[in-house]
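Reading through the structure tokens given below for one structure.
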Amino acid sequence: MSDCLFCAIVRGDIPADVVLRTDRVMAFRDITPQAPVHVLVIPVDHHPDVPSAALADPVLGAELLQAAAQVAVAEGVADTGYRLVANTGSHGGQTVHHAHLHVLGGRGLTWPPG
């Protein structure tokens with residue numbers, strides 16, 4: 001989608017601090033981090049949210065989770081723990097309607113989050 005922020009990042013129209021990229025998945029640092037480690041993992045192709053991406057392509061859903069795990073290892077939070085968040089819809093707090101997972105870590109995270 002031409003007006004999607006994350007699609008523009010995938011195309012390279014908007015710069016991002018990329019930490020992982022494959023043919024189907026991309027991960028980059030959030031510009032307004034909520035934790036010391038805050039990386040977004042997105043599919044390269046546009047899907048409006050994570051459930052839609054996983055339903056349309058179950059292998060892609062698995063690739064998003066695998067990429068999130070790889071990011072956690074690369075960012076040094078896999079052993080101490082981290083949180084994966086998939087905000088879905090307006091009541092779920094989704095503000096960019098392109099599927100994405102937040103990988104959050106680097107400090108103790110409280111529950112409930114919101």
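Each chain in the structure tokens gets a letter, A, B, ..., in the order shown, and its residues are numbered from 1; ligands are numbered from 1 in order too.
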Quick one: DSSP strand (DSSP E) residues in chain A, as an NGL selection string? :A and (18-21 or 25-29 or 37-43 or 82-85 or 101-105)
Using C-alpha atoms, can you write the selected residues to a file as a short mmCIF file (atom, residue, chain, number, x, y, z; two decimals), in the first residue's frame?
data_model
loop_
_atom_site.label_atom_id
_atom_site.label_comp_id
_atom_site.auth_asym_id
_atom_site.auth_seq_id
_atom_site.Cartn_x
_atom_site.Cartn_y
_atom_site.Cartn_z
CA VAL A 18 17.14 -2.41 10.47
CA VAL A 19 18.25 -5.27 12.71
CA LEU A 20 17.07 -8.21 10.56
CA ARG A 21 15.79 -8.69 7.03
CA VAL A 25 10.24 -10.41 7.18
CA MET A 26 11.92 -7.23 8.37
CA ALA A 27 12.80 -6.03 11.88
CA PHE A 28 13.78 -2.50 12.87
CA ARG A 29 14.08 -0.37 15.99
CA VAL A 37 15.02 -3.01 23.53
CA HIS A 38 12.04 -2.19 21.34
CA VAL A 39 12.15 -3.72 17.88
CA LEU A 40 9.27 -4.08 15.43
CA VAL A 41 9.01 -7.26 13.35
CA ILE A 42 6.87 -6.92 10.22
CA PRO A 43 6.06 -8.91 7.11
CA TYR A 82 11.22 -10.31 26.75
CA ARG A 83 7.67 -9.57 25.70
CA LEU A 84 6.03 -9.98 22.29
CA VAL A 85 3.07 -7.69 21.67
CA LEU A 101 5.10 -7.59 16.54
CA HIS A 102 6.81 -5.52 19.21
CA VAL A 103 9.84 -7.19 20.81
CA LEU A 104 10.29 -5.49 24.20
CA GLY A 105 13.00 -6.19 26.76
#
Between region 74-108 of chain A and region 47-54 of chain A, at 12 Å or less, what are the per-residue closest atom pairs and their distances in Å? Count only C-alpha atoms, order by chain and rising residue number, and return it as a Markdown table.
| residue | atom | partner | partner_atom | distance |
| --- | --- | --- | --- | --- |
| A:Leu84 | CA | A:Val50 | CA | 11.8 |
| A:Val85 | CA | A:Val50 | CA | 10.1 |
| A:Ala86 | CA | A:Val50 | CA | 6.6 |
| A:Asn87 | CA | A:Asp49 | CA | 8.0 |
| A:Thr88 | CA | A:Asp49 | CA | 6.1 |
| A:Gly89 | CA | A:Asp49 | CA | 7.8 |
| A:Ser90 | CA | A:Asp49 | CA | 11.2 |
| A:Gly92 | CA | A:Asp49 | CA | 11.0 |
| A:Gly93 | CA | A:Asp49 | CA | 11.6 |
| A:Gln94 | CA | A:Asp49 | CA | 8.5 |
| A:Thr95 | CA | A:Asp49 | CA | 10.5 |
| A:Val96 | CA | A:Pro48 | CA | 8.5 |
| A:His97 | CA | A:Pro48 | CA | 4.9 |
| A:His98 | CA | A:Pro48 | CA | 4.4 |
| A:Ala99 | CA | A:Asp49 | CA | 3.8 |
| A:His100 | CA | A:Val50 | CA | 6.2 |
| A:Leu101 | CA | A:Val50 | CA | 7.5 |
| A:His102 | CA | A:Val50 | CA | 11.1 |
Which residues are near Ser2 (chain A)? Cut-off 12 Å, only C-alpha atoms, ignore same chain within fewer than 4 positions. Put them as JSON, numbers by chain. {"A": [6, 7, 8, 9, 10, 11, 13, 45, 46, 98]}
Every residue of chain A that DSSP places in alpha helix (DSSP H), as a ChimeraX atom specification: /A:5-11,50-56,58-74
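You will find CA of Ile14 (chain A) at 21.0 Å from CA of Gln34 (chain A).
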Could you state the separation of CA of Ala74 (chain A) and CA of Gly106 (chain A) in Å, given to one decimal place?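 The value is 12.1 Å.
Taking CA of Asp79 (chain A) as the reference point, CA of Pro112 (chain A) is found at 21.7 Å.
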